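Listing of input-v3.txt, compact mmCIF, N, CA and C atoms
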```
# COMPACT_ATOMS: atom_id res chain seq x y z
N MET M 242 0.82 -1.20 0.00
CA MET M 242 0.00 0.00 0.00
C MET M 242 0.86 1.26 0.00
N PHE M 243 1.97 1.25 0.74
CA PHE M 243 2.86 2.41 0.74
C PHE M 243 3.70 2.36 -0.53
N ARG M 244 3.80 3.50 -1.20
CA ARG M 244 4.58 3.58 -2.43
C ARG M 244 5.89 4.31 -2.17
N LYS M 245 6.95 3.81 -2.75
CA LYS M 245 8.29 4.32 -2.52
C LYS M 245 8.66 5.39 -3.54
N LEU M 246 8.89 6.62 -3.05
CA LEU M 246 9.41 7.68 -3.92
C LEU M 246 10.94 7.64 -3.93
N THR M 247 11.52 7.46 -2.74
CA THR M 247 12.97 7.32 -2.60
C THR M 247 13.20 6.25 -1.52
N ASP M 248 14.44 5.97 -1.21
CA ASP M 248 14.72 4.99 -0.16
C ASP M 248 14.17 5.42 1.19
N ARG M 249 13.98 6.72 1.39
CA ARG M 249 13.49 7.25 2.67
C ARG M 249 12.06 7.77 2.63
N ILE M 250 11.51 8.01 1.46
CA ILE M 250 10.21 8.68 1.36
C ILE M 250 9.16 7.73 0.79
N LEU M 251 8.10 7.54 1.56
CA LEU M 251 6.96 6.73 1.14
C LEU M 251 5.73 7.62 1.09
N VAL M 252 4.82 7.32 0.18
CA VAL M 252 3.54 8.03 0.13
C VAL M 252 2.42 7.00 0.09
N SER M 253 1.24 7.44 0.46
CA SER M 253 0.13 6.50 0.56
C SER M 253 -1.20 7.23 0.48
N PRO M 254 -2.22 6.49 0.02
CA PRO M 254 -3.57 6.99 0.25
C PRO M 254 -3.85 6.99 1.75
N GLN M 255 -4.99 7.50 2.14
CA GLN M 255 -5.40 7.56 3.55
C GLN M 255 -5.00 6.29 4.29
N ILE M 256 -4.36 6.45 5.44
CA ILE M 256 -4.00 5.30 6.25
C ILE M 256 -4.98 5.14 7.40
N THR M 257 -4.98 3.95 7.99
CA THR M 257 -5.80 3.66 9.15
C THR M 257 -4.90 3.58 10.37
N VAL M 258 -5.52 3.55 11.53
CA VAL M 258 -4.77 3.40 12.77
C VAL M 258 -3.98 2.09 12.73
N GLU M 259 -4.57 1.04 12.20
CA GLU M 259 -3.91 -0.26 12.14
C GLU M 259 -2.67 -0.23 11.24
N GLN M 260 -2.67 0.60 10.23
CA GLN M 260 -1.53 0.66 9.31
C GLN M 260 -0.33 1.40 9.89
N VAL M 261 -0.51 2.07 11.00
CA VAL M 261 0.62 2.73 11.66
C VAL M 261 1.65 1.69 12.09
N ALA M 262 1.20 0.55 12.58
CA ALA M 262 2.13 -0.52 12.97
C ALA M 262 2.89 -1.05 11.76
N GLU M 263 2.20 -1.16 10.62
CA GLU M 263 2.86 -1.59 9.38
C GLU M 263 3.93 -0.57 8.97
N ALA M 264 3.60 0.71 9.12
CA ALA M 264 4.57 1.76 8.80
C ALA M 264 5.81 1.62 9.69
N ARG M 265 5.58 1.39 10.97
CA ARG M 265 6.69 1.22 11.91
C ARG M 265 7.56 0.03 11.51
N ALA M 266 6.92 -1.06 11.11
CA ALA M 266 7.64 -2.27 10.70
C ALA M 266 8.49 -2.01 9.45
N GLN M 267 8.09 -1.05 8.65
CA GLN M 267 8.84 -0.71 7.43
C GLN M 267 9.89 0.37 7.68
N GLY M 268 10.08 0.76 8.94
CA GLY M 268 11.13 1.72 9.27
C GLY M 268 10.70 3.17 9.28
N VAL M 269 9.40 3.44 9.25
CA VAL M 269 8.90 4.82 9.28
C VAL M 269 9.11 5.39 10.67
N THR M 270 9.71 6.59 10.70
CA THR M 270 9.93 7.28 11.98
C THR M 270 9.15 8.59 12.06
N ILE M 271 8.55 9.00 10.95
CA ILE M 271 7.71 10.21 10.95
C ILE M 271 6.59 10.03 9.93
N ILE M 272 5.38 10.39 10.33
CA ILE M 272 4.22 10.38 9.45
C ILE M 272 3.79 11.81 9.21
N VAL M 273 3.57 12.16 7.94
CA VAL M 273 3.10 13.49 7.56
C VAL M 273 1.71 13.36 6.98
N ASN M 274 0.76 13.98 7.64
CA ASN M 274 -0.63 13.96 7.21
C ASN M 274 -0.87 15.18 6.32
N ASN M 275 -1.10 14.95 5.04
CA ASN M 275 -1.38 16.03 4.09
C ASN M 275 -2.87 16.16 3.79
N ARG M 276 -3.69 15.53 4.59
CA ARG M 276 -5.13 15.52 4.32
C ARG M 276 -5.89 16.30 5.37
N PRO M 277 -6.71 17.26 4.95
CA PRO M 277 -7.56 17.96 5.93
C PRO M 277 -8.56 16.99 6.55
N ASP M 278 -8.84 17.15 7.84
CA ASP M 278 -9.87 16.34 8.48
C ASP M 278 -11.22 16.63 7.84
N ASP M 279 -12.09 15.62 7.88
CA ASP M 279 -13.47 15.74 7.39
C ASP M 279 -13.55 16.06 5.90
N GLU M 280 -12.54 15.65 5.14
CA GLU M 280 -12.59 15.87 3.70
C GLU M 280 -13.68 15.01 3.06
N GLU M 281 -13.88 13.83 3.63
CA GLU M 281 -14.97 12.96 3.17
C GLU M 281 -15.46 12.14 4.35
N PRO M 282 -16.72 11.72 4.31
CA PRO M 282 -17.27 10.95 5.42
C PRO M 282 -16.49 9.64 5.63
N GLY M 283 -16.27 9.32 6.90
CA GLY M 283 -15.66 8.04 7.22
C GLY M 283 -14.14 7.99 7.23
N GLN M 284 -13.48 9.08 6.84
CA GLN M 284 -12.02 9.03 6.84
C GLN M 284 -11.51 9.04 8.28
N THR M 285 -10.38 8.39 8.49
CA THR M 285 -9.75 8.41 9.81
C THR M 285 -9.17 9.80 10.03
N ASN M 286 -9.54 10.45 11.13
CA ASN M 286 -9.06 11.81 11.32
C ASN M 286 -7.62 11.84 11.83
N GLY M 287 -7.00 12.97 11.70
CA GLY M 287 -5.60 13.13 12.04
C GLY M 287 -5.29 12.84 13.50
N ALA M 288 -6.20 13.19 14.41
CA ALA M 288 -5.95 12.96 15.83
C ALA M 288 -5.80 11.47 16.13
N ALA M 289 -6.57 10.64 15.47
CA ALA M 289 -6.48 9.18 15.68
C ALA M 289 -5.15 8.65 15.15
N ILE M 290 -4.74 9.12 13.98
CA ILE M 290 -3.45 8.70 13.42
C ILE M 290 -2.31 9.21 14.30
N GLU M 291 -2.42 10.45 14.75
CA GLU M 291 -1.39 11.01 15.61
C GLU M 291 -1.24 10.20 16.91
N ALA M 292 -2.34 9.83 17.52
CA ALA M 292 -2.29 9.05 18.76
C ALA M 292 -1.65 7.68 18.51
N ALA M 293 -2.02 7.04 17.42
CA ALA M 293 -1.44 5.73 17.09
C ALA M 293 0.05 5.86 16.79
N ALA M 294 0.41 6.93 16.09
CA ALA M 294 1.83 7.15 15.76
C ALA M 294 2.64 7.35 17.03
N LYS M 295 2.16 8.20 17.90
CA LYS M 295 2.89 8.47 19.14
C LYS M 295 3.01 7.20 19.99
N ALA M 296 1.95 6.40 20.04
CA ALA M 296 1.99 5.14 20.78
C ALA M 296 3.01 4.17 20.19
N ALA M 297 3.24 4.28 18.88
CA ALA M 297 4.21 3.41 18.20
C ALA M 297 5.61 4.02 18.17
N GLY M 298 5.78 5.20 18.77
CA GLY M 298 7.09 5.84 18.77
C GLY M 298 7.44 6.52 17.46
N ILE M 299 6.41 6.92 16.72
CA ILE M 299 6.59 7.58 15.43
C ILE M 299 6.19 9.05 15.58
N ALA M 300 7.01 9.94 15.07
CA ALA M 300 6.66 11.36 15.07
C ALA M 300 5.51 11.59 14.09
N TYR M 301 4.73 12.63 14.34
CA TYR M 301 3.57 12.95 13.50
C TYR M 301 3.55 14.45 13.24
N VAL M 302 3.30 14.81 11.98
CA VAL M 302 3.19 16.20 11.59
C VAL M 302 1.98 16.34 10.67
N ALA M 303 1.19 17.38 10.85
CA ALA M 303 0.07 17.66 9.95
C ALA M 303 0.42 18.88 9.10
N VAL M 304 0.40 18.67 7.79
CA VAL M 304 0.58 19.76 6.82
C VAL M 304 -0.56 19.57 5.80
N PRO M 305 -1.78 19.95 6.19
CA PRO M 305 -2.93 19.69 5.33
C PRO M 305 -2.89 20.50 4.03
N VAL M 306 -3.29 19.84 2.97
CA VAL M 306 -3.34 20.46 1.64
C VAL M 306 -4.75 20.25 1.09
N SER M 307 -5.44 21.34 0.83
CA SER M 307 -6.77 21.23 0.22
C SER M 307 -6.59 21.15 -1.29
N HIS M 308 -7.69 21.01 -1.98
CA HIS M 308 -7.61 20.94 -3.45
C HIS M 308 -7.37 22.30 -4.08
N GLY M 309 -7.27 23.35 -3.25
CA GLY M 309 -7.05 24.71 -3.76
C GLY M 309 -5.63 24.99 -4.18
N GLY M 310 -4.69 24.11 -3.88
CA GLY M 310 -3.31 24.34 -4.29
C GLY M 310 -2.37 24.37 -3.11
N PHE M 311 -1.16 24.82 -3.39
CA PHE M 311 -0.08 24.77 -2.42
C PHE M 311 0.36 26.19 -2.05
N ALA M 312 0.67 26.37 -0.76
CA ALA M 312 1.14 27.65 -0.25
C ALA M 312 2.56 27.50 0.27
N PRO M 313 3.31 28.59 0.35
CA PRO M 313 4.68 28.50 0.86
C PRO M 313 4.77 27.85 2.24
N TRP M 314 3.81 28.10 3.13
CA TRP M 314 3.88 27.49 4.47
C TRP M 314 3.79 25.97 4.40
N GLN M 315 3.10 25.45 3.38
CA GLN M 315 3.01 24.00 3.24
C GLN M 315 4.35 23.42 2.77
N LEU M 316 5.02 24.11 1.86
CA LEU M 316 6.36 23.67 1.45
C LEU M 316 7.32 23.74 2.63
N ASP M 317 7.20 24.79 3.43
CA ASP M 317 8.04 24.92 4.63
C ASP M 317 7.77 23.77 5.60
N GLY M 318 6.50 23.44 5.80
CA GLY M 318 6.15 22.35 6.71
C GLY M 318 6.68 21.01 6.24
N MET M 319 6.58 20.76 4.93
CA MET M 319 7.10 19.50 4.39
C MET M 319 8.63 19.48 4.48
N ALA M 320 9.27 20.61 4.21
CA ALA M 320 10.73 20.68 4.30
C ALA M 320 11.18 20.38 5.73
N GLN M 321 10.49 20.93 6.71
CA GLN M 321 10.83 20.66 8.12
C GLN M 321 10.65 19.19 8.45
N ALA M 322 9.58 18.58 7.95
CA ALA M 322 9.34 17.16 8.20
C ALA M 322 10.42 16.31 7.55
N LEU M 323 10.84 16.67 6.34
CA LEU M 323 11.90 15.93 5.66
C LEU M 323 13.21 16.02 6.43
N GLU M 324 13.48 17.18 6.99
CA GLU M 324 14.69 17.35 7.80
C GLU M 324 14.59 16.58 9.11
N GLN M 325 13.42 16.57 9.70
CA GLN M 325 13.20 15.89 10.97
C GLN M 325 13.29 14.37 10.80
N GLY M 326 12.90 13.87 9.66
CA GLY M 326 12.81 12.44 9.46
C GLY M 326 14.06 11.79 8.90
N THR M 327 15.23 12.35 9.14
CA THR M 327 16.44 11.80 8.54
C THR M 327 16.93 10.51 9.19
N SER M 328 16.41 10.17 10.36
CA SER M 328 16.88 8.96 11.03
C SER M 328 16.15 7.70 10.56
N GLY M 329 15.14 7.87 9.76
CA GLY M 329 14.37 6.73 9.26
C GLY M 329 13.57 7.15 8.06
N LYS M 330 12.50 6.43 7.80
CA LYS M 330 11.66 6.74 6.65
C LYS M 330 10.54 7.69 7.04
N LEU M 331 10.10 8.46 6.06
CA LEU M 331 8.98 9.36 6.21
C LEU M 331 7.83 8.81 5.37
N LEU M 332 6.65 8.76 5.95
CA LEU M 332 5.44 8.36 5.23
C LEU M 332 4.51 9.56 5.19
N ALA M 333 4.19 10.02 3.98
CA ALA M 333 3.23 11.11 3.80
C ALA M 333 1.97 10.52 3.17
N TYR M 334 0.81 10.97 3.66
CA TYR M 334 -0.43 10.46 3.10
C TYR M 334 -1.45 11.57 2.90
N CYS M 335 -2.37 11.30 1.98
CA CYS M 335 -3.52 12.17 1.72
C CYS M 335 -4.65 11.24 1.25
N ARG M 336 -5.58 11.71 0.45
CA ARG M 336 -6.67 10.84 0.00
C ARG M 336 -6.15 9.73 -0.91
N SER M 337 -5.31 10.10 -1.89
CA SER M 337 -4.81 9.11 -2.86
C SER M 337 -3.29 8.99 -2.87
N GLY M 338 -2.61 9.90 -2.22
CA GLY M 338 -1.15 9.96 -2.27
C GLY M 338 -0.64 11.00 -3.25
N THR M 339 -1.52 11.51 -4.10
CA THR M 339 -1.10 12.47 -5.13
C THR M 339 -0.67 13.81 -4.52
N ARG M 340 -1.50 14.39 -3.65
CA ARG M 340 -1.12 15.67 -3.05
C ARG M 340 0.18 15.56 -2.26
N SER M 341 0.36 14.44 -1.57
CA SER M 341 1.61 14.23 -0.83
C SER M 341 2.79 14.19 -1.78
N THR M 342 2.63 13.51 -2.91
CA THR M 342 3.70 13.42 -3.90
C THR M 342 3.99 14.79 -4.51
N LEU M 343 2.95 15.53 -4.85
CA LEU M 343 3.14 16.86 -5.44
C LEU M 343 3.83 17.80 -4.44
N LEU M 344 3.42 17.75 -3.19
CA LEU M 344 4.04 18.60 -2.17
C LEU M 344 5.51 18.23 -1.99
N TRP M 345 5.80 16.94 -1.95
CA TRP M 345 7.19 16.47 -1.85
C TRP M 345 8.01 16.98 -3.05
N ALA M 346 7.47 16.84 -4.26
CA ALA M 346 8.19 17.27 -5.45
C ALA M 346 8.45 18.77 -5.45
N LEU M 347 7.46 19.56 -5.07
CA LEU M 347 7.64 21.01 -5.00
C LEU M 347 8.71 21.37 -3.96
N THR M 348 8.63 20.72 -2.81
CA THR M 348 9.58 21.00 -1.74
C THR M 348 11.00 20.65 -2.15
N ARG M 349 11.15 19.50 -2.79
CA ARG M 349 12.50 19.07 -3.20
C ARG M 349 13.01 19.92 -4.38
N ALA M 350 12.13 20.36 -5.28
CA ALA M 350 12.56 21.24 -6.37
C ALA M 350 13.05 22.57 -5.80
N ARG M 351 12.34 23.08 -4.82
CA ARG M 351 12.76 24.32 -4.18
C ARG M 351 14.12 24.16 -3.51
N ALA M 352 14.41 22.97 -3.01
CA ALA M 352 15.69 22.70 -2.34
C ALA M 352 16.83 22.45 -3.34
N GLY M 353 16.47 22.35 -4.63
CA GLY M 353 17.52 22.20 -5.65
C GLY M 353 17.54 20.88 -6.39
N ASP M 354 16.68 19.93 -6.03
CA ASP M 354 16.63 18.68 -6.78
C ASP M 354 16.11 18.95 -8.19
N HIS M 355 16.64 18.21 -9.16
CA HIS M 355 16.26 18.44 -10.56
C HIS M 355 14.84 17.93 -10.82
N PRO M 356 13.99 18.76 -11.42
CA PRO M 356 12.61 18.35 -11.69
C PRO M 356 12.48 17.05 -12.50
N ASP M 357 13.40 16.81 -13.44
CA ASP M 357 13.32 15.58 -14.22
C ASP M 357 13.53 14.35 -13.34
N VAL M 358 14.45 14.45 -12.41
CA VAL M 358 14.72 13.33 -11.49
C VAL M 358 13.50 13.11 -10.59
N LEU M 359 12.93 14.19 -10.08
CA LEU M 359 11.74 14.08 -9.23
C LEU M 359 10.57 13.48 -10.00
N ALA M 360 10.41 13.90 -11.24
CA ALA M 360 9.33 13.36 -12.08
C ALA M 360 9.51 11.86 -12.29
N ALA M 361 10.73 11.42 -12.51
CA ALA M 361 11.00 10.00 -12.72
C ALA M 361 10.73 9.20 -11.44
N GLN M 362 11.13 9.75 -10.29
CA GLN M 362 10.89 9.07 -9.02
C GLN M 362 9.38 8.94 -8.76
N ALA M 363 8.66 10.02 -9.02
CA ALA M 363 7.21 9.99 -8.81
C ALA M 363 6.55 9.00 -9.77
N ALA M 364 6.97 9.01 -11.03
CA ALA M 364 6.39 8.10 -12.03
C ALA M 364 6.64 6.64 -11.65
N ALA M 365 7.82 6.35 -11.13
CA ALA M 365 8.14 4.98 -10.72
C ALA M 365 7.21 4.51 -9.59
N ALA M 366 6.69 5.45 -8.82
CA ALA M 366 5.76 5.12 -7.74
C ALA M 366 4.30 5.19 -8.21
N GLY M 367 4.10 5.54 -9.48
CA GLY M 367 2.75 5.59 -10.03
C GLY M 367 2.06 6.93 -9.94
N TYR M 368 2.85 8.00 -9.76
CA TYR M 368 2.27 9.34 -9.64
C TYR M 368 2.78 10.25 -10.75
N ASP M 369 1.91 11.15 -11.19
CA ASP M 369 2.22 12.11 -12.26
C ASP M 369 2.33 13.50 -11.63
N ILE M 370 3.50 14.12 -11.76
CA ILE M 370 3.69 15.45 -11.18
C ILE M 370 3.53 16.57 -12.20
N SER M 371 3.04 16.23 -13.39
CA SER M 371 2.90 17.26 -14.43
C SER M 371 2.03 18.45 -13.99
N PRO M 372 1.03 18.28 -13.10
CA PRO M 372 0.25 19.44 -12.69
C PRO M 372 1.08 20.54 -12.01
N VAL M 373 2.22 20.19 -11.43
CA VAL M 373 3.04 21.20 -10.75
C VAL M 373 4.40 21.39 -11.42
N ARG M 374 4.58 20.81 -12.59
CA ARG M 374 5.90 20.86 -13.23
C ARG M 374 6.37 22.29 -13.52
N GLN M 375 5.50 23.14 -14.02
CA GLN M 375 5.91 24.52 -14.30
C GLN M 375 6.32 25.24 -13.02
N ILE M 376 5.59 24.99 -11.95
CA ILE M 376 5.93 25.61 -10.67
C ILE M 376 7.30 25.10 -10.21
N MET M 377 7.54 23.80 -10.36
CA MET M 377 8.83 23.23 -9.97
C MET M 377 9.98 23.90 -10.69
N ASP M 378 9.79 24.15 -11.98
CA ASP M 378 10.84 24.78 -12.77
C ASP M 378 11.14 26.19 -12.27
N THR M 379 10.12 26.90 -11.77
CA THR M 379 10.36 28.25 -11.26
C THR M 379 10.93 28.24 -9.85
N LEU M 380 10.71 27.16 -9.11
CA LEU M 380 11.18 27.07 -7.71
C LEU M 380 12.65 26.70 -7.61
N LYS M 381 13.14 25.97 -8.59
CA LYS M 381 14.53 25.48 -8.45
C LYS M 381 15.50 26.64 -8.41
N PRO M 382 16.51 26.51 -7.56
CA PRO M 382 17.50 27.59 -7.46
C PRO M 382 18.19 27.85 -8.79
N GLN M 383 18.44 29.09 -9.07
CA GLN M 383 19.09 29.45 -10.35
C GLN M 383 20.59 29.30 -10.29
```
Can the structure from this file be put into C-alpha cells for me?
Amino acid sequence: MFRKLTDRILVSPQITVEQVAEARAQGVTIIVNNRPDDEEPGQTNGAAIEAAAKAAGIAYVAVPVSHGGFAPWQLDGMAQALEQGTSGKLLAYCRSGTRSTLLWALTRARAGDHPDVLAAQAAAAGYDISPVRQIMDTLKPQ
C-alpha cells in the first residue's frame, strides 16, 4: 500500500490506525498527514493517526493540503518534516497519495533537486507530477 518515492520517502492513500504498525515495521519514523480532516465521510481523522503514531514511537506532523493548491507554508512544513525524518523513513499520506507526492516534489525542487529526477521518481511510484511541473521549474534555485 505504501509507495516508494525514494529509499526514505513513502507516500500513501489515507491510512488507518492499524496501518501505523505496518509503517513502523517498514522503518517509518515520521508520518506526515497532508489531508484535511473531514474531507470525506468516514475518513480516519488526524488525531487518531497522531495518537497511534505516538503510541508506536513515530513522530507525527500535519501539513494539510486542500484541493485549492499549495502555499509557501506547506512547502516549509514539508521541508521541516523531511529534515526531521532523517533517522528513518517518512510516510506522507492524503486521500490518494497524489497531493503528498506533489508537495514532496515542490519541496524538493525548491531545495535544488532536478525536476526531471523528481518526475522519474514519482512516475516509478505511479504518480504524475505534471500538474506542478511549471511551478517546480520556477522554484529550483538558479
* Close residues, M:Ile290 itself excluded, 8 Å, all atoms listed in the file, min 6 positions apart in chain, as a ChimeraX atom specification -> /M:256-259,261,296,301
* Within 6.5 Å of M:Pro382 using only N, CA and C atoms, minus same-chain residues under 2 positions, as a list in words -> Ala350, Arg351, Ala352, Gly353, Thr379 and Leu380 of chain M
Selection to disk with N, CA and C atoms, as a PDB file, in the frame of the given file:
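Writing the result to again29.pdb gives the following:
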```pdb
ATOM      1  N   ALA M 350      12.130  20.360  -5.280  1.00  0.00           N
ATOM      2  CA  ALA M 350      12.560  21.240  -6.370  1.00  0.00           C
ATOM      3  C   ALA M 350      13.050  22.570  -5.800  1.00  0.00           C
ATOM      4  N   ARG M 351      12.340  23.080  -4.820  1.00  0.00           N
ATOM      5  CA  ARG M 351      12.760  24.320  -4.180  1.00  0.00           C
ATOM      6  C   ARG M 351      14.120  24.160  -3.510  1.00  0.00           C
ATOM      7  N   ALA M 352      14.410  22.970  -3.010  1.00  0.00           N
ATOM      8  CA  ALA M 352      15.690  22.700  -2.340  1.00  0.00           C
ATOM      9  C   ALA M 352      16.830  22.450  -3.340  1.00  0.00           C
ATOM     10  N   GLY M 353      16.470  22.350  -4.630  1.00  0.00           N
ATOM     11  CA  GLY M 353      17.520  22.200  -5.650  1.00  0.00           C
ATOM     12  C   GLY M 353      17.540  20.880  -6.390  1.00  0.00           C
ATOM     13  N   THR M 379      10.120  26.900 -11.770  1.00  0.00           N
ATOM     14  CA  THR M 379      10.360  28.250 -11.260  1.00  0.00           C
ATOM     15  C   THR M 379      10.930  28.240  -9.850  1.00  0.00           C
ATOM     16  N   LEU M 380      10.710  27.160  -9.110  1.00  0.00           N
ATOM     17  CA  LEU M 380      11.180  27.070  -7.710  1.00  0.00           C
ATOM     18  C   LEU M 380      12.650  26.700  -7.610  1.00  0.00           C
TER      19      LEU M 380
END
```
* Around (7.9, 14.5, -10.7) in the file's frame, which residues reach within 6 Å when counting all atoms listed in the file? Return as a list in words? -> Ala346, Pro356, Val358, Leu359, Ala360, Ala361, Gln362, Ala363, Ala364, Asp369, Ile370 and Ser371 of chain M
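Counting only N, CA and C atoms and comparing M:Ala293, M:Val252, M:Ala365, M:Ile271, the residue that lies closest to M:Ser328 is M:Ile271.
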* **Spatial neighbours of M:Asn275, max dist 9 Å, only C-alpha atoms, sep filter under 5 positions, as an MDAnalysis selection string** => chainID M and resid 302:307 333:336 338 340:341 344
As AutoDock Vina command-line options: centre and edge lengths in Å, one decimal, of the axis-aligned box holding stretch 357-364 of chain M with 8 Å per side:
```
--center_x 10.6 --center_y 11.7 --center_z -11.5 --size_x 24.3 --size_y 26.2 --size_z 21.5
```
* To do: Apply DSSP to the backbone of this structure and, from chain M, keep only the residues in strand (DSSP E); write these as a ChimeraX atom specification.
  => /M:244-245,250-253,269-274,300-303,330-334
Please write the residues from the selection above to a file, keeping N, CA and C atoms, as a PDB file, in the coordinates of the input.
```
ATOM      1  N   ARG M 244       3.800   3.500  -1.200  1.00  0.00           N
ATOM      2  CA  ARG M 244       4.580   3.580  -2.430  1.00  0.00           C
ATOM      3  C   ARG M 244       5.890   4.310  -2.170  1.00  0.00           C
ATOM      4  N   LYS M 245       6.950   3.810  -2.750  1.00  0.00           N
ATOM      5  CA  LYS M 245       8.290   4.320  -2.520  1.00  0.00           C
ATOM      6  C   LYS M 245       8.660   5.390  -3.540  1.00  0.00           C
ATOM      7  N   ILE M 250      11.510   8.010   1.460  1.00  0.00           N
ATOM      8  CA  ILE M 250      10.210   8.680   1.360  1.00  0.00           C
ATOM      9  C   ILE M 250       9.160   7.730   0.790  1.00  0.00           C
ATOM     10  N   LEU M 251       8.100   7.540   1.560  1.00  0.00           N
ATOM     11  CA  LEU M 251       6.960   6.730   1.140  1.00  0.00           C
ATOM     12  C   LEU M 251       5.730   7.620   1.090  1.00  0.00           C
ATOM     13  N   VAL M 252       4.820   7.320   0.180  1.00  0.00           N
ATOM     14  CA  VAL M 252       3.540   8.030   0.130  1.00  0.00           C
ATOM     15  C   VAL M 252       2.420   7.000   0.090  1.00  0.00           C
ATOM     16  N   SER M 253       1.240   7.440   0.460  1.00  0.00           N
ATOM     17  CA  SER M 253       0.130   6.500   0.560  1.00  0.00           C
ATOM     18  C   SER M 253      -1.200   7.230   0.480  1.00  0.00           C
ATOM     19  N   VAL M 269       9.400   3.440   9.250  1.00  0.00           N
ATOM     20  CA  VAL M 269       8.900   4.820   9.280  1.00  0.00           C
ATOM     21  C   VAL M 269       9.110   5.390  10.670  1.00  0.00           C
ATOM     22  N   THR M 270       9.710   6.590  10.700  1.00  0.00           N
ATOM     23  CA  THR M 270       9.930   7.280  11.980  1.00  0.00           C
ATOM     24  C   THR M 270       9.150   8.590  12.060  1.00  0.00           C
ATOM     25  N   ILE M 271       8.550   9.000  10.950  1.00  0.00           N
ATOM     26  CA  ILE M 271       7.710  10.210  10.950  1.00  0.00           C
ATOM     27  C   ILE M 271       6.590  10.030   9.930  1.00  0.00           C
ATOM     28  N   ILE M 272       5.380  10.390  10.330  1.00  0.00           N
ATOM     29  CA  ILE M 272       4.220  10.380   9.450  1.00  0.00           C
ATOM     30  C   ILE M 272       3.790  11.810   9.210  1.00  0.00           C
ATOM     31  N   VAL M 273       3.570  12.160   7.940  1.00  0.00           N
ATOM     32  CA  VAL M 273       3.100  13.490   7.560  1.00  0.00           C
ATOM     33  C   VAL M 273       1.710  13.360   6.980  1.00  0.00           C
ATOM     34  N   ASN M 274       0.760  13.980   7.640  1.00  0.00           N
ATOM     35  CA  ASN M 274      -0.630  13.960   7.210  1.00  0.00           C
ATOM     36  C   ASN M 274      -0.870  15.180   6.320  1.00  0.00           C
ATOM     37  N   ALA M 300       7.010   9.940  15.070  1.00  0.00           N
ATOM     38  CA  ALA M 300       6.660  11.360  15.070  1.00  0.00           C
ATOM     39  C   ALA M 300       5.510  11.590  14.090  1.00  0.00           C
ATOM     40  N   TYR M 301       4.730  12.630  14.340  1.00  0.00           N
ATOM     41  CA  TYR M 301       3.570  12.950  13.500  1.00  0.00           C
ATOM     42  C   TYR M 301       3.550  14.450  13.240  1.00  0.00           C
ATOM     43  N   VAL M 302       3.300  14.810  11.980  1.00  0.00           N
ATOM     44  CA  VAL M 302       3.190  16.200  11.590  1.00  0.00           C
ATOM     45  C   VAL M 302       1.980  16.340  10.670  1.00  0.00           C
ATOM     46  N   ALA M 303       1.190  17.380  10.850  1.00  0.00           N
ATOM     47  CA  ALA M 303       0.070  17.660   9.950  1.00  0.00           C
ATOM     48  C   ALA M 303       0.420  18.880   9.100  1.00  0.00           C
ATOM     49  N   LYS M 330      12.500   6.430   7.800  1.00  0.00           N
ATOM     50  CA  LYS M 330      11.660   6.740   6.650  1.00  0.00           C
ATOM     51  C   LYS M 330      10.540   7.690   7.040  1.00  0.00           C
ATOM     52  N   LEU M 331      10.100   8.460   6.060  1.00  0.00           N
ATOM     53  CA  LEU M 331       8.980   9.360   6.210  1.00  0.00           C
ATOM     54  C   LEU M 331       7.830   8.810   5.370  1.00  0.00           C
ATOM     55  N   LEU M 332       6.650   8.760   5.950  1.00  0.00           N
ATOM     56  CA  LEU M 332       5.440   8.360   5.230  1.00  0.00           C
ATOM     57  C   LEU M 332       4.510   9.560   5.190  1.00  0.00           C
ATOM     58  N   ALA M 333       4.190  10.020   3.980  1.00  0.00           N
ATOM     59  CA  ALA M 333       3.230  11.110   3.800  1.00  0.00           C
ATOM     60  C   ALA M 333       1.970  10.520   3.170  1.00  0.00           C
ATOM     61  N   TYR M 334       0.810  10.970   3.660  1.00  0.00           N
ATOM     62  CA  TYR M 334      -0.430  10.460   3.100  1.00  0.00           C
ATOM     63  C   TYR M 334      -1.450  11.570   2.900  1.00  0.00           C
TER      64      TYR M 334
END
```
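With atom CA of M:Gln284 on one side and atom C of M:Val269 on the other, the separation reads 21.8 Å.
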* Structure fact -> As a check of understanding: the span from atom CA of M:Asp354 to atom CA of M:Ile376 is 13.3 Å
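Reported to one decimal place, the separation of atom N of M:Gln375 from atom CA of M:Phe243 is 25.6 Å.
Residues lying within 8 Å of (-7.1, 17.2, 13.4). Counted over only C-alpha atoms, they are M:Pro277, M:Asp278, M:Asn286, M:Gly287, M:Ala288, M:Ala303.
All residues of protein, DNA or RNA that reach within 7 Å of M:Met319, judged by only N, CA and C atoms and not counting those fewer than 3 positions away in the chain, are Val304, Trp314, Gln315, Leu316, Ala322, Leu323, Glu324, Leu344, Trp345 and Thr348 of chain M.
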* To do: Would you list, as JSON, numbers by chain, the residues of chain M that end up in alpha helix (DSSP H) under DSSP run on this structure's backbone?
  => {"M": [258, 259, 260, 261, 262, 263, 264, 265, 266, 287, 288, 289, 290, 291, 292, 293, 294, 295, 296, 313, 314, 315, 316, 317, 318, 319, 320, 321, 322, 323, 324, 325, 339, 340, 341, 342, 343, 344, 345, 346, 347, 348, 349, 350, 351, 356, 357, 358, 359, 360, 361, 362, 363, 364, 365, 374, 375, 376, 377, 378, 379, 380]}
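Considering the residues M:Leu251, M:Leu246, M:Ala312, M:Leu331 and counting only N, CA and C atoms, M:Gly268 has its shortest atom-to-atom contact with M:Leu331.
Each of M:Thr342, M:Thr270, M:His308, M:Tyr368 was compared to M:Thr327 using only N, CA and C atoms, and M:Thr270 turns out to be the nearest.
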